[in-house]
2 protein chains.
Amino acid sequence: MIFKIIAVGKIKNKALADGVETFLKRLSPYAKTEIEEIRDGTPESEGKKILDALSREKGFVIILSEEGEEFSSIQFSQKISGLNCKIIMVIGGPYGLIPEVKKCGDILLALSRMTFTHEMARFFLTEQLYRSVMIAKGKKYHN
Amino acid sequence: MIFKIIAVGKIKNKALADGVETFLKRLSPYAKTEIEEIRDGTPESEGKKILDALSREKGFVIILSEEGEEFSSIQFSQKISGLNCKIIMVIGGPYGLIPEVKKCGDILLALSRMTFTHEMARFFLTEQLYRSVMIAKGKKYHN
């Protein structure tokens, strides 16, 4: 599988940056995962850069948004395992995503009804990608 | 406000342990938060110890469970800010909670439809407690 995460800004919280690295490393035998960090700015400038980055990609686009649809981990695993293409995920910055970006998603995904920081969202998402792959492969990780 | 988190086991992941500590420290000017760690074992032995711990407490009991109800951060803040008593939260271990514990909750709370590790759940919960207090006090944190 090929994953790409387009995210706004660098993770400043060291604990979360380490958490993301841990799951990217654990994912590496199973999937190629690339992270493209967009420089943070205004929601409009960030949105423009995300749209540019998306225009260079071909695949299934998942936009993380609190207004999105929720999936269980098993449903999410089934959803992404069934796709035969690159999976591109977009995580906005602290002020969210402009509507033009949200319109580009094949799905809008909500990780929770609760709001978390965008840095936490990146960490949660990498853990869910690893969990999804473990579920799809029938490996022990997801109870 | 007085919060108590009853959780199974110690957090082994250093990044997550640091994340929990960060939010407990940020919460400290606004709320007294105590964590009681139950020694991990079988679901039954963990359940018995949680029930013992709960029997020594008086307050509103929130049991974290994937089958629980979901709240937005604002709804969660309104819910807990409206309570005039100690708030006791229970987080199970990797193999979840026995039904007897789930029955003790005034509410069952799901942080997400997705499954996360119990260590991540403790981190997410402490962030949500901090976020809730910031929302209730009208402080800048929650966008």
# chains A, B, ... in the order shown; residues from 1 in each chain; ligands from 1
$ interface_residues --of "chain B" --to "chain A" --cutoff "9 Å" --atoms "only C-alpha atoms" --output "PyMOL selection string"
chain B and resi 13-19+70-76+94-96+110-117+120+124+127-128+131+142-143
$ select_by_dssp --residues "segment 10-48 of chain A" --states "strand (DSSP E)" --output "PyMOL selection string"
chain A and resi 32-38
$ closest_residue --among "B:Glu119, B:Ile135, B:Leu64, B:Gly9" --to "Gln78 of chain B" --atoms "only C-alpha atoms"
B:Ile135
$ atom_distance --atom1 "atom CA of Tyr30 of chain A" --atom2 "atom CA of Lys10 of chain B"
29.3 Å
$ atom_distance --atom1 "atom CA of Asp40 of chain B" --atom2 "atom CA of Ser132 of chain A"
26.1 Å
$ residues_around --residues "Ala53 of chain A" --least-positions-apart "3" --cutoff "12 Å" --atoms "only C-alpha atoms" --output "PyMOL selection string"
chain A and resi 4-8+35-39+46-50+56-58+61+88-90+101+104
$ closest_residue --among "A:Glu34, A:Leu125, A:Gly59, A:Asp52" --to "Cys85 of chain A" --atoms "only C-alpha atoms"
A:Gly59
$ residues_around --residues "Thr33 of chain B" --least-positions-apart "5" --cutoff "9 Å" --atoms "only C-alpha atoms" --output "PDB file with N, CA and C atoms, in the first residue's frame"
ATOM      1  N   MET B   1     -12.693  22.063  40.242  1.00  0.00           N
ATOM      2  CA  MET B   1     -13.166  20.736  39.857  1.00  0.00           C
ATOM      3  C   MET B   1     -12.196  19.671  40.368  1.00  0.00           C
ATOM      4  N   ILE B   2     -12.744  18.525  40.635  1.00  0.00           N
ATOM      5  CA  ILE B   2     -11.901  17.409  41.070  1.00  0.00           C
ATOM      6  C   ILE B   2     -12.102  16.243  40.103  1.00  0.00           C
ATOM      7  N   PHE B   3     -11.020  15.829  39.499  1.00  0.00           N
ATOM      8  CA  PHE B   3     -11.052  14.692  38.568  1.00  0.00           C
ATOM      9  C   PHE B   3     -10.265  13.535  39.164  1.00  0.00           C
ATOM     10  N   LYS B   4     -10.750  12.354  38.930  1.00  0.00           N
ATOM     11  CA  LYS B   4      -9.948  11.173  39.261  1.00  0.00           C
ATOM     12  C   LYS B   4     -10.005  10.207  38.086  1.00  0.00           C
ATOM     13  N   ILE B   5      -8.853   9.734  37.657  1.00  0.00           N
ATOM     14  CA  ILE B   5      -8.793   8.747  36.571  1.00  0.00           C
ATOM     15  C   ILE B   5      -8.317   7.426  37.163  1.00  0.00           C
ATOM     16  N   LEU B  24      -1.718  17.164  32.522  1.00  0.00           N
ATOM     17  CA  LEU B  24      -2.030  17.198  33.962  1.00  0.00           C
ATOM     18  C   LEU B  24      -1.454  18.476  34.580  1.00  0.00           C
ATOM     19  N   LEU B  27      -3.522  21.385  33.538  1.00  0.00           N
ATOM     20  CA  LEU B  27      -4.812  21.354  34.236  1.00  0.00           C
ATOM     21  C   LEU B  27      -4.699  21.837  35.681  1.00  0.00           C
ATOM     22  N   SER B  28      -3.499  21.677  36.257  1.00  0.00           N
ATOM     23  CA  SER B  28      -3.365  21.830  37.716  1.00  0.00           C
ATOM     24  C   SER B  28      -3.845  23.174  38.292  1.00  0.00           C
TER      25      SER B  28
END
$ select_by_dssp --residues "segment 41-129 of chain A" --states "helix (DSSP H, G or I)" --output "JSON, numbers by chain"
{"A": [43, 44, 45, 46, 47, 48, 49, 50, 51, 52, 53, 54, 55, 73, 74, 75, 76, 77, 78, 79, 80, 81, 99, 100, 101, 102, 118, 119, 120, 121, 122, 123, 124, 125, 126, 127, 128, 129]}
$ write_last_selection --atoms "C-alpha atoms" --output "short mmCIF file (atom, residue, chain, number, x, y, z; two decimals), in the first residue's frame"
data_model
loop_
_atom_site.label_atom_id
_atom_site.label_comp_id
_atom_site.auth_asym_id
_atom_site.auth_seq_id
_atom_site.Cartn_x
_atom_site.Cartn_y
_atom_site.Cartn_z
CA PRO A 43 -6.14 29.24 6.10
CA GLU A 44 -6.26 30.58 2.53
CA SER A 45 -2.52 30.27 1.84
CA GLU A 46 -2.46 26.83 3.45
CA GLY A 47 -5.50 25.82 1.39
CA LYS A 48 -3.88 26.96 -1.84
CA LYS A 49 -0.73 24.93 -1.08
CA ILE A 50 -2.79 21.85 -0.21
CA LEU A 51 -4.73 22.16 -3.48
CA ASP A 52 -1.41 22.44 -5.36
CA ALA A 53 -0.09 19.34 -3.59
CA LEU A 54 -3.31 17.43 -4.33
CA SER A 55 -3.14 18.39 -8.01
CA SER A 73 -11.14 0.75 12.93
CA ILE A 74 -12.42 -2.38 11.20
CA GLN A 75 -14.58 -0.38 8.78
CA PHE A 76 -11.66 1.96 8.07
CA SER A 77 -9.36 -0.99 7.42
CA GLN A 78 -11.90 -2.56 5.05
CA LYS A 79 -12.38 0.76 3.28
CA ILE A 80 -8.71 1.41 2.60
CA SER A 81 -7.70 -2.20 2.00
CA PRO A 99 -14.19 24.60 1.94
CA GLU A 100 -12.38 24.25 -1.43
CA VAL A 101 -10.06 21.65 0.10
CA LYS A 102 -12.90 19.76 1.78
CA HIS A 118 -3.92 18.90 14.55
CA GLU A 119 -0.68 17.48 15.98
CA MET A 120 -2.65 14.84 17.87
CA ALA A 121 -4.67 14.10 14.74
CA ARG A 122 -1.48 13.23 12.85
CA PHE A 123 -0.46 10.87 15.62
CA PHE A 124 -3.93 9.22 15.77
CA LEU A 125 -4.01 8.82 12.03
CA THR A 126 -0.63 7.11 11.80
CA GLU A 127 -1.68 4.72 14.56
CA GLN A 128 -4.93 3.99 12.70
CA LEU A 129 -3.04 3.34 9.46
#
